[in-house]
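What follows is query16.txt (compact mmCIF, N, CA and C atoms).
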```txt
# COMPACT_ATOMS: atom_id res chain seq x y z
N MET Y 21 -110.54 -152.50 -72.18
CA MET Y 21 -109.99 -151.18 -71.92
C MET Y 21 -108.48 -151.28 -71.79
N SER Y 22 -107.79 -150.26 -72.18
CA SER Y 22 -106.34 -150.26 -72.12
C SER Y 22 -105.86 -149.62 -70.81
N LEU Y 23 -104.56 -149.59 -70.68
CA LEU Y 23 -103.94 -149.02 -69.50
C LEU Y 23 -102.96 -147.95 -69.94
N SER Y 24 -102.99 -146.81 -69.28
CA SER Y 24 -101.97 -145.79 -69.50
C SER Y 24 -101.32 -145.50 -68.16
N ILE Y 25 -100.06 -145.12 -68.19
CA ILE Y 25 -99.33 -144.87 -66.96
C ILE Y 25 -98.60 -143.54 -67.07
N VAL Y 26 -98.80 -142.69 -66.07
CA VAL Y 26 -98.13 -141.40 -66.00
C VAL Y 26 -97.18 -141.44 -64.81
N LYS Y 27 -95.93 -141.02 -65.05
CA LYS Y 27 -94.94 -140.95 -63.98
C LYS Y 27 -94.63 -139.49 -63.70
N SER Y 28 -94.56 -139.13 -62.43
CA SER Y 28 -94.27 -137.76 -62.02
C SER Y 28 -93.29 -137.77 -60.86
N VAL Y 29 -92.44 -136.73 -60.81
CA VAL Y 29 -91.55 -136.57 -59.67
C VAL Y 29 -92.19 -135.56 -58.74
N LEU Y 30 -92.41 -135.97 -57.49
CA LEU Y 30 -93.01 -135.11 -56.48
C LEU Y 30 -91.91 -134.54 -55.60
N SER Y 31 -92.27 -133.69 -54.68
CA SER Y 31 -91.26 -133.10 -53.79
C SER Y 31 -90.62 -134.17 -52.92
N GLY Y 32 -89.41 -133.91 -52.51
CA GLY Y 32 -88.70 -134.81 -51.61
C GLY Y 32 -88.18 -136.07 -52.27
N GLY Y 33 -88.05 -136.07 -53.59
CA GLY Y 33 -87.52 -137.23 -54.29
C GLY Y 33 -88.49 -138.39 -54.40
N VAL Y 34 -89.77 -138.11 -54.22
CA VAL Y 34 -90.80 -139.14 -54.35
C VAL Y 34 -91.22 -139.22 -55.82
N VAL Y 35 -91.36 -140.44 -56.33
CA VAL Y 35 -91.84 -140.64 -57.68
C VAL Y 35 -93.24 -141.25 -57.61
N GLU Y 36 -94.17 -140.64 -58.33
CA GLU Y 36 -95.53 -141.16 -58.39
C GLU Y 36 -95.73 -141.86 -59.72
N ILE Y 37 -96.28 -143.06 -59.65
CA ILE Y 37 -96.66 -143.82 -60.83
C ILE Y 37 -98.18 -143.93 -60.76
N ALA Y 38 -98.86 -143.39 -61.78
CA ALA Y 38 -100.32 -143.34 -61.76
C ALA Y 38 -100.90 -144.08 -62.97
N PRO Y 39 -101.26 -145.36 -62.78
CA PRO Y 39 -101.92 -146.09 -63.86
C PRO Y 39 -103.37 -145.64 -64.00
N ARG Y 40 -103.89 -145.75 -65.22
CA ARG Y 40 -105.29 -145.40 -65.47
C ARG Y 40 -105.88 -146.47 -66.36
N GLY Y 41 -106.97 -147.09 -65.88
CA GLY Y 41 -107.64 -148.13 -66.67
C GLY Y 41 -107.69 -149.44 -65.90
N GLU Y 42 -107.50 -150.53 -66.64
CA GLU Y 42 -107.58 -151.86 -66.06
C GLU Y 42 -106.21 -152.52 -66.02
N ILE Y 43 -105.89 -153.10 -64.87
CA ILE Y 43 -104.65 -153.85 -64.72
C ILE Y 43 -105.03 -155.32 -64.66
N ASP Y 44 -104.74 -156.02 -65.74
CA ASP Y 44 -105.12 -157.43 -65.84
C ASP Y 44 -104.02 -158.22 -66.52
N VAL Y 45 -104.34 -159.44 -66.92
CA VAL Y 45 -103.35 -160.33 -67.52
C VAL Y 45 -102.68 -159.70 -68.75
N ASP Y 46 -103.39 -158.83 -69.46
CA ASP Y 46 -102.83 -158.22 -70.66
C ASP Y 46 -102.00 -156.98 -70.39
N THR Y 47 -102.16 -156.34 -69.23
CA THR Y 47 -101.50 -155.06 -68.98
C THR Y 47 -100.63 -155.03 -67.73
N ALA Y 48 -100.66 -156.07 -66.92
CA ALA Y 48 -99.94 -156.06 -65.64
C ALA Y 48 -98.44 -155.82 -65.83
N TYR Y 49 -97.88 -156.34 -66.92
CA TYR Y 49 -96.45 -156.16 -67.14
C TYR Y 49 -96.08 -154.67 -67.22
N GLU Y 50 -97.01 -153.82 -67.66
CA GLU Y 50 -96.73 -152.40 -67.77
C GLU Y 50 -96.47 -151.77 -66.40
N VAL Y 51 -97.16 -152.24 -65.38
CA VAL Y 51 -96.93 -151.73 -64.02
C VAL Y 51 -95.55 -152.17 -63.54
N ARG Y 52 -95.22 -153.44 -63.74
CA ARG Y 52 -93.89 -153.94 -63.35
C ARG Y 52 -92.79 -153.15 -64.05
N GLU Y 53 -92.98 -152.93 -65.37
CA GLU Y 53 -91.96 -152.21 -66.15
C GLU Y 53 -91.83 -150.76 -65.70
N ALA Y 54 -92.94 -150.11 -65.34
CA ALA Y 54 -92.88 -148.72 -64.89
C ALA Y 54 -92.08 -148.61 -63.60
N ILE Y 55 -92.30 -149.54 -62.68
CA ILE Y 55 -91.55 -149.54 -61.41
C ILE Y 55 -90.08 -149.80 -61.68
N ALA Y 56 -89.78 -150.80 -62.52
CA ALA Y 56 -88.39 -151.13 -62.84
C ALA Y 56 -87.68 -149.95 -63.52
N GLU Y 57 -88.39 -149.24 -64.39
CA GLU Y 57 -87.82 -148.09 -65.09
C GLU Y 57 -87.46 -146.97 -64.11
N VAL Y 58 -88.34 -146.71 -63.16
CA VAL Y 58 -88.07 -145.68 -62.15
C VAL Y 58 -86.82 -146.06 -61.35
N LEU Y 59 -86.72 -147.32 -60.97
CA LEU Y 59 -85.58 -147.77 -60.17
C LEU Y 59 -84.29 -147.78 -60.99
N ALA Y 60 -84.40 -148.03 -62.29
CA ALA Y 60 -83.22 -148.04 -63.15
C ALA Y 60 -82.65 -146.63 -63.35
N LYS Y 61 -83.50 -145.62 -63.25
CA LYS Y 61 -83.07 -144.24 -63.46
C LYS Y 61 -82.48 -143.60 -62.21
N GLY Y 62 -82.66 -144.21 -61.07
CA GLY Y 62 -82.15 -143.63 -59.83
C GLY Y 62 -82.80 -144.28 -58.63
N ARG Y 63 -82.55 -143.69 -57.48
CA ARG Y 63 -83.11 -144.24 -56.26
C ARG Y 63 -83.98 -143.17 -55.60
N PRO Y 64 -85.29 -143.19 -55.90
CA PRO Y 64 -86.18 -142.22 -55.25
C PRO Y 64 -86.29 -142.53 -53.77
N THR Y 65 -86.73 -141.54 -53.00
CA THR Y 65 -86.92 -141.78 -51.57
C THR Y 65 -88.10 -142.72 -51.35
N ARG Y 66 -89.09 -142.66 -52.25
CA ARG Y 66 -90.28 -143.51 -52.15
C ARG Y 66 -90.95 -143.53 -53.52
N ILE Y 67 -91.64 -144.63 -53.80
CA ILE Y 67 -92.48 -144.71 -54.99
C ILE Y 67 -93.92 -144.79 -54.52
N GLU Y 68 -94.74 -143.90 -55.03
CA GLU Y 68 -96.17 -143.91 -54.71
C GLU Y 68 -96.93 -144.41 -55.93
N LEU Y 69 -97.63 -145.49 -55.76
CA LEU Y 69 -98.46 -146.06 -56.82
C LEU Y 69 -99.87 -145.52 -56.61
N ASN Y 70 -100.21 -144.47 -57.35
CA ASN Y 70 -101.51 -143.82 -57.20
C ASN Y 70 -102.54 -144.61 -58.01
N MET Y 71 -103.42 -145.30 -57.31
CA MET Y 71 -104.37 -146.22 -57.95
C MET Y 71 -105.78 -145.63 -58.06
N ARG Y 72 -105.88 -144.31 -57.97
CA ARG Y 72 -107.19 -143.64 -57.99
C ARG Y 72 -107.97 -143.91 -59.28
N LEU Y 73 -107.27 -143.99 -60.41
CA LEU Y 73 -107.95 -144.13 -61.71
C LEU Y 73 -107.94 -145.55 -62.25
N VAL Y 74 -107.67 -146.52 -61.38
CA VAL Y 74 -107.70 -147.92 -61.80
C VAL Y 74 -109.10 -148.46 -61.55
N SER Y 75 -109.76 -148.85 -62.63
CA SER Y 75 -111.15 -149.30 -62.52
C SER Y 75 -111.28 -150.79 -62.26
N PHE Y 76 -110.22 -151.56 -62.55
CA PHE Y 76 -110.26 -153.01 -62.37
C PHE Y 76 -108.85 -153.52 -62.18
N ILE Y 77 -108.70 -154.52 -61.31
CA ILE Y 77 -107.42 -155.21 -61.16
C ILE Y 77 -107.71 -156.67 -60.85
N ASP Y 78 -107.00 -157.57 -61.54
CA ASP Y 78 -107.19 -159.00 -61.29
C ASP Y 78 -105.99 -159.56 -60.53
N SER Y 79 -105.95 -160.87 -60.37
CA SER Y 79 -104.87 -161.48 -59.59
C SER Y 79 -103.51 -161.28 -60.23
N VAL Y 80 -103.45 -161.22 -61.55
CA VAL Y 80 -102.17 -160.99 -62.23
C VAL Y 80 -101.71 -159.55 -61.96
N GLY Y 81 -102.65 -158.62 -61.92
CA GLY Y 81 -102.32 -157.24 -61.59
C GLY Y 81 -101.82 -157.10 -60.16
N ILE Y 82 -102.48 -157.79 -59.24
CA ILE Y 82 -102.04 -157.77 -57.84
C ILE Y 82 -100.63 -158.36 -57.74
N SER Y 83 -100.40 -159.45 -58.47
CA SER Y 83 -99.09 -160.08 -58.48
C SER Y 83 -98.02 -159.12 -59.00
N ALA Y 84 -98.35 -158.34 -60.02
CA ALA Y 84 -97.41 -157.35 -60.56
C ALA Y 84 -97.08 -156.29 -59.51
N MET Y 85 -98.08 -155.90 -58.74
CA MET Y 85 -97.85 -154.91 -57.67
C MET Y 85 -96.92 -155.49 -56.60
N VAL Y 86 -97.14 -156.74 -56.23
CA VAL Y 86 -96.29 -157.39 -55.22
C VAL Y 86 -94.86 -157.52 -55.76
N ALA Y 87 -94.72 -157.90 -57.02
CA ALA Y 87 -93.39 -158.01 -57.63
C ALA Y 87 -92.71 -156.65 -57.63
N GLY Y 88 -93.45 -155.60 -57.94
CA GLY Y 88 -92.90 -154.25 -57.92
C GLY Y 88 -92.47 -153.84 -56.52
N PHE Y 89 -93.28 -154.20 -55.52
CA PHE Y 89 -92.96 -153.92 -54.13
C PHE Y 89 -91.64 -154.59 -53.76
N GLN Y 90 -91.50 -155.86 -54.15
CA GLN Y 90 -90.28 -156.61 -53.82
C GLN Y 90 -89.06 -156.05 -54.54
N THR Y 91 -89.21 -155.67 -55.80
CA THR Y 91 -88.11 -155.08 -56.55
C THR Y 91 -87.66 -153.78 -55.90
N ALA Y 92 -88.62 -152.95 -55.51
CA ALA Y 92 -88.29 -151.68 -54.85
C ALA Y 92 -87.59 -151.95 -53.52
N GLU Y 93 -88.11 -152.91 -52.75
CA GLU Y 93 -87.55 -153.21 -51.44
C GLU Y 93 -86.09 -153.65 -51.54
N VAL Y 94 -85.78 -154.47 -52.55
CA VAL Y 94 -84.40 -154.93 -52.76
C VAL Y 94 -83.49 -153.74 -53.05
N SER Y 95 -84.04 -152.71 -53.68
CA SER Y 95 -83.28 -151.50 -54.00
C SER Y 95 -83.26 -150.51 -52.84
N GLY Y 96 -83.90 -150.86 -51.73
CA GLY Y 96 -83.94 -149.98 -50.58
C GLY Y 96 -84.95 -148.84 -50.71
N VAL Y 97 -85.95 -149.04 -51.56
CA VAL Y 97 -86.97 -148.01 -51.80
C VAL Y 97 -88.32 -148.54 -51.33
N LYS Y 98 -89.05 -147.71 -50.61
CA LYS Y 98 -90.38 -148.08 -50.12
C LYS Y 98 -91.40 -147.80 -51.22
N LEU Y 99 -92.25 -148.77 -51.53
CA LEU Y 99 -93.34 -148.59 -52.49
C LEU Y 99 -94.64 -148.65 -51.71
N VAL Y 100 -95.46 -147.61 -51.86
CA VAL Y 100 -96.76 -147.56 -51.20
C VAL Y 100 -97.84 -147.28 -52.23
N VAL Y 101 -99.05 -147.69 -51.90
CA VAL Y 101 -100.21 -147.38 -52.74
C VAL Y 101 -100.88 -146.14 -52.15
N THR Y 102 -101.25 -145.21 -53.01
CA THR Y 102 -101.99 -144.03 -52.57
C THR Y 102 -103.31 -143.95 -53.32
N GLN Y 103 -104.30 -143.43 -52.67
CA GLN Y 103 -105.62 -143.18 -53.23
C GLN Y 103 -106.18 -144.34 -54.06
N PRO Y 104 -106.22 -145.55 -53.49
CA PRO Y 104 -106.77 -146.65 -54.29
C PRO Y 104 -108.25 -146.43 -54.57
N SER Y 105 -108.66 -146.78 -55.79
CA SER Y 105 -110.09 -146.75 -56.09
C SER Y 105 -110.78 -147.73 -55.14
N ARG Y 106 -112.06 -147.62 -55.00
CA ARG Y 106 -112.78 -148.53 -54.10
C ARG Y 106 -112.57 -149.97 -54.52
N PHE Y 107 -112.54 -150.24 -55.83
CA PHE Y 107 -112.35 -151.60 -56.32
C PHE Y 107 -110.96 -152.12 -55.94
N VAL Y 108 -109.93 -151.31 -56.17
CA VAL Y 108 -108.56 -151.71 -55.82
C VAL Y 108 -108.43 -151.92 -54.32
N HIS Y 109 -108.99 -151.00 -53.53
CA HIS Y 109 -108.94 -151.12 -52.08
C HIS Y 109 -109.55 -152.45 -51.64
N ARG Y 110 -110.70 -152.76 -52.19
CA ARG Y 110 -111.39 -154.01 -51.84
C ARG Y 110 -110.52 -155.22 -52.19
N GLN Y 111 -109.91 -155.23 -53.37
CA GLN Y 111 -109.08 -156.37 -53.78
C GLN Y 111 -107.86 -156.52 -52.87
N LEU Y 112 -107.24 -155.41 -52.51
CA LEU Y 112 -106.09 -155.49 -51.60
C LEU Y 112 -106.52 -155.96 -50.21
N TRP Y 113 -107.69 -155.53 -49.78
CA TRP Y 113 -108.20 -155.96 -48.47
C TRP Y 113 -108.52 -157.45 -48.48
N VAL Y 114 -109.22 -157.92 -49.51
CA VAL Y 114 -109.62 -159.33 -49.61
C VAL Y 114 -108.40 -160.25 -49.67
N THR Y 115 -107.35 -159.81 -50.35
CA THR Y 115 -106.15 -160.65 -50.48
C THR Y 115 -105.22 -160.54 -49.27
N GLY Y 116 -105.54 -159.65 -48.34
CA GLY Y 116 -104.71 -159.49 -47.16
C GLY Y 116 -103.45 -158.67 -47.43
N LEU Y 117 -103.41 -157.94 -48.53
CA LEU Y 117 -102.22 -157.20 -48.91
C LEU Y 117 -102.30 -155.70 -48.63
N LEU Y 118 -103.40 -155.24 -48.08
CA LEU Y 118 -103.58 -153.81 -47.84
C LEU Y 118 -102.45 -153.25 -46.97
N GLY Y 119 -102.10 -153.95 -45.91
CA GLY Y 119 -101.04 -153.49 -45.01
C GLY Y 119 -99.67 -153.44 -45.68
N LEU Y 120 -99.41 -154.35 -46.61
CA LEU Y 120 -98.13 -154.38 -47.32
C LEU Y 120 -97.89 -153.06 -48.04
N PHE Y 121 -98.95 -152.49 -48.57
CA PHE Y 121 -98.84 -151.27 -49.37
C PHE Y 121 -99.16 -150.01 -48.58
N GLY Y 122 -99.05 -150.06 -47.26
CA GLY Y 122 -99.22 -148.87 -46.44
C GLY Y 122 -100.62 -148.64 -45.92
N ALA Y 123 -101.52 -149.60 -46.10
CA ALA Y 123 -102.91 -149.52 -45.60
C ALA Y 123 -103.60 -148.21 -45.98
N PRO Y 124 -103.59 -147.87 -47.29
CA PRO Y 124 -104.22 -146.61 -47.69
C PRO Y 124 -105.74 -146.67 -47.59
N GLU Y 125 -106.32 -145.53 -47.32
CA GLU Y 125 -107.78 -145.41 -47.32
C GLU Y 125 -108.25 -145.33 -48.77
N PRO Y 126 -109.45 -145.82 -49.07
CA PRO Y 126 -109.94 -145.74 -50.44
C PRO Y 126 -110.19 -144.30 -50.87
N TYR Y 127 -110.01 -144.06 -52.16
CA TYR Y 127 -110.25 -142.73 -52.71
C TYR Y 127 -111.73 -142.56 -52.98
N PHE Y 128 -112.29 -141.45 -52.55
CA PHE Y 128 -113.68 -141.10 -52.86
C PHE Y 128 -113.65 -139.78 -53.60
N ALA Y 129 -114.32 -139.75 -54.74
CA ALA Y 129 -114.40 -138.50 -55.50
C ALA Y 129 -115.02 -137.42 -54.61
N ALA Y 130 -114.60 -136.22 -54.84
CA ALA Y 130 -115.11 -135.10 -54.02
C ALA Y 130 -116.62 -135.04 -54.10
N ALA Y 131 -117.23 -135.13 -52.97
CA ALA Y 131 -118.70 -135.09 -52.90
C ALA Y 131 -119.13 -133.67 -52.57
N ALA Y 132 -120.37 -133.40 -52.89
CA ALA Y 132 -120.90 -132.07 -52.56
C ALA Y 132 -120.95 -131.95 -51.05
N PRO Y 133 -120.64 -130.79 -50.51
CA PRO Y 133 -120.68 -130.63 -49.05
C PRO Y 133 -122.09 -130.84 -48.53
N GLU Y 134 -122.14 -131.46 -47.37
CA GLU Y 134 -123.46 -131.73 -46.79
C GLU Y 134 -124.03 -130.44 -46.21
N ALA Y 135 -125.35 -130.34 -46.30
CA ALA Y 135 -126.03 -129.18 -45.73
C ALA Y 135 -126.00 -129.31 -44.21
N PRO Y 136 -125.85 -128.21 -43.48
CA PRO Y 136 -125.86 -128.30 -42.02
C PRO Y 136 -127.20 -128.83 -41.51
N LEU Y 137 -127.15 -129.50 -40.40
CA LEU Y 137 -128.40 -130.02 -39.81
C LEU Y 137 -129.33 -128.87 -39.50
N GLY Y 138 -130.60 -129.09 -39.76
CA GLY Y 138 -131.59 -128.08 -39.47
C GLY Y 138 -131.75 -127.04 -40.56
N ALA Y 139 -130.98 -127.22 -41.65
CA ALA Y 139 -131.08 -126.22 -42.72
C ALA Y 139 -132.20 -126.55 -43.67
```
As structure tokens:
Amino acid sequence: MSLSIVKSVLSGGVVEIAPRGEIDVDTAYEVREAIAEVLAKGRPTRIELNMRLVSFIDSVGISAMVAGFQTAEVSGVKLVVTQPSRFVHRQLWVTGLLGLFGAPEPYFAAAAPEAPLGA
């Protein structure tokens, strides 16, 4: 599977980078480049890496995220992960890196509302 990345400017000077697909040895450089490109164009107040649509990430992908975090930090910009897929959340938790990226809660697709008890 390939990787696509959408960049958006949110309110307050926040830039969202939203990868979709698999981040692995073949595609991890795209995440690093997206972060570097955002930083080259200016200094956002924060970069949000929205990982909701990432179905797989390996150690090279995690390494790219850490490199992006460090690059942003050197520029005085905070990089956080938002809405990690359950798989991404698990990988960040297992590697001990969840806190580095703001300790986001895993993203759960909108579920049908539960029926009230006794209904």
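Of note, CA of Leu69 (chain Y) and CA of Thr102 (chain Y) are spaced 5.9 Å apart.
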Shell of 12 Å around Gly122 (chain Y), only C-alpha atoms, local chain residues under 3 positions omitted, as a list in words: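 My reading of the contact set: Arg66, Ile67, Glu68, Leu69, Phe89, Lys98, Leu99, Val100, Val101, Thr102, Gln103, Pro104, His109, Leu112, Trp113, Gly116, Leu117, Leu118, Gly119, Glu125 and Pro126 of chain Y.
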Residue list (helix (DSSP H, G or I), DSSP) for chain Y, as a PyMOL selection string: chain Y and resi 31-33+48-61+79-94+106-114+119-121
Excluding region 73-78 of chain Y and residues on its chain fewer than 3 positions from it, collect all residues at most 9 Å away from it, counting only C-alpha atoms, and give them as an mmCIF file with N, CA and C atoms, in the frame of the given file.
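Saved to part.cif:
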```cif
data_model
loop_
_atom_site.group_PDB
_atom_site.id
_atom_site.type_symbol
_atom_site.label_atom_id
_atom_site.label_comp_id
_atom_site.auth_asym_id
_atom_site.auth_seq_id
_atom_site.Cartn_x
_atom_site.Cartn_y
_atom_site.Cartn_z
ATOM 1 N N LEU Y 23 -104.560 -149.590 -70.680
ATOM 2 C CA LEU Y 23 -103.940 -149.020 -69.500
ATOM 3 C C LEU Y 23 -102.960 -147.950 -69.940
ATOM 4 N N ALA Y 38 -98.860 -143.390 -61.780
ATOM 5 C CA ALA Y 38 -100.320 -143.340 -61.760
ATOM 6 C C ALA Y 38 -100.900 -144.080 -62.970
ATOM 7 N N PRO Y 39 -101.260 -145.360 -62.780
ATOM 8 C CA PRO Y 39 -101.920 -146.090 -63.860
ATOM 9 C C PRO Y 39 -103.370 -145.640 -64.000
ATOM 10 N N ARG Y 40 -103.890 -145.750 -65.220
ATOM 11 C CA ARG Y 40 -105.290 -145.400 -65.470
ATOM 12 C C ARG Y 40 -105.880 -146.470 -66.360
ATOM 13 N N GLY Y 41 -106.970 -147.090 -65.880
ATOM 14 C CA GLY Y 41 -107.640 -148.130 -66.670
ATOM 15 C C GLY Y 41 -107.690 -149.440 -65.900
ATOM 16 N N GLU Y 42 -107.500 -150.530 -66.640
ATOM 17 C CA GLU Y 42 -107.580 -151.860 -66.060
ATOM 18 C C GLU Y 42 -106.210 -152.520 -66.020
ATOM 19 N N ILE Y 43 -105.890 -153.100 -64.870
ATOM 20 C CA ILE Y 43 -104.650 -153.850 -64.720
ATOM 21 C C ILE Y 43 -105.030 -155.320 -64.660
ATOM 22 N N ASP Y 44 -104.740 -156.020 -65.740
ATOM 23 C CA ASP Y 44 -105.120 -157.430 -65.840
ATOM 24 C C ASP Y 44 -104.020 -158.220 -66.520
ATOM 25 N N VAL Y 45 -104.340 -159.440 -66.920
ATOM 26 C CA VAL Y 45 -103.350 -160.330 -67.520
ATOM 27 C C VAL Y 45 -102.680 -159.700 -68.750
ATOM 28 N N ALA Y 48 -100.660 -156.070 -66.920
ATOM 29 C CA ALA Y 48 -99.940 -156.060 -65.640
ATOM 30 C C ALA Y 48 -98.440 -155.820 -65.830
ATOM 31 N N ASN Y 70 -100.210 -144.470 -57.350
ATOM 32 C CA ASN Y 70 -101.510 -143.820 -57.200
ATOM 33 C C ASN Y 70 -102.540 -144.610 -58.010
ATOM 34 N N GLY Y 81 -102.650 -158.620 -61.920
ATOM 35 C CA GLY Y 81 -102.320 -157.240 -61.590
ATOM 36 C C GLY Y 81 -101.820 -157.100 -60.160
ATOM 37 N N ILE Y 82 -102.480 -157.790 -59.240
ATOM 38 C CA ILE Y 82 -102.040 -157.770 -57.840
ATOM 39 C C ILE Y 82 -100.630 -158.360 -57.740
ATOM 40 N N SER Y 83 -100.400 -159.450 -58.470
ATOM 41 C CA SER Y 83 -99.090 -160.080 -58.480
ATOM 42 C C SER Y 83 -98.020 -159.120 -59.000
ATOM 43 N N GLN Y 103 -104.300 -143.430 -52.670
ATOM 44 C CA GLN Y 103 -105.620 -143.180 -53.230
ATOM 45 C C GLN Y 103 -106.180 -144.340 -54.060
ATOM 46 N N PRO Y 104 -106.220 -145.550 -53.490
ATOM 47 C CA PRO Y 104 -106.770 -146.650 -54.290
ATOM 48 C C PRO Y 104 -108.250 -146.430 -54.570
ATOM 49 N N SER Y 105 -108.660 -146.780 -55.790
ATOM 50 C CA SER Y 105 -110.090 -146.750 -56.090
ATOM 51 C C SER Y 105 -110.780 -147.730 -55.140
ATOM 52 N N ARG Y 106 -112.060 -147.620 -55.000
ATOM 53 C CA ARG Y 106 -112.780 -148.530 -54.100
ATOM 54 C C ARG Y 106 -112.570 -149.970 -54.520
ATOM 55 N N PHE Y 107 -112.540 -150.240 -55.830
ATOM 56 C CA PHE Y 107 -112.350 -151.600 -56.320
ATOM 57 C C PHE Y 107 -110.960 -152.120 -55.940
ATOM 58 N N VAL Y 108 -109.930 -151.310 -56.170
ATOM 59 C CA VAL Y 108 -108.560 -151.710 -55.820
ATOM 60 C C VAL Y 108 -108.430 -151.920 -54.320
ATOM 61 N N GLN Y 111 -109.910 -155.230 -53.370
ATOM 62 C CA GLN Y 111 -109.080 -156.370 -53.780
ATOM 63 C C GLN Y 111 -107.860 -156.520 -52.870
#
```
Pairwise distance for CA of Gly62 (chain Y) and CA of Ser95 (chain Y), rounded to one decimal in Å: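 Separation between CA of Gly62 (chain Y) and CA of Ser95 (chain Y): 9.9 Å.
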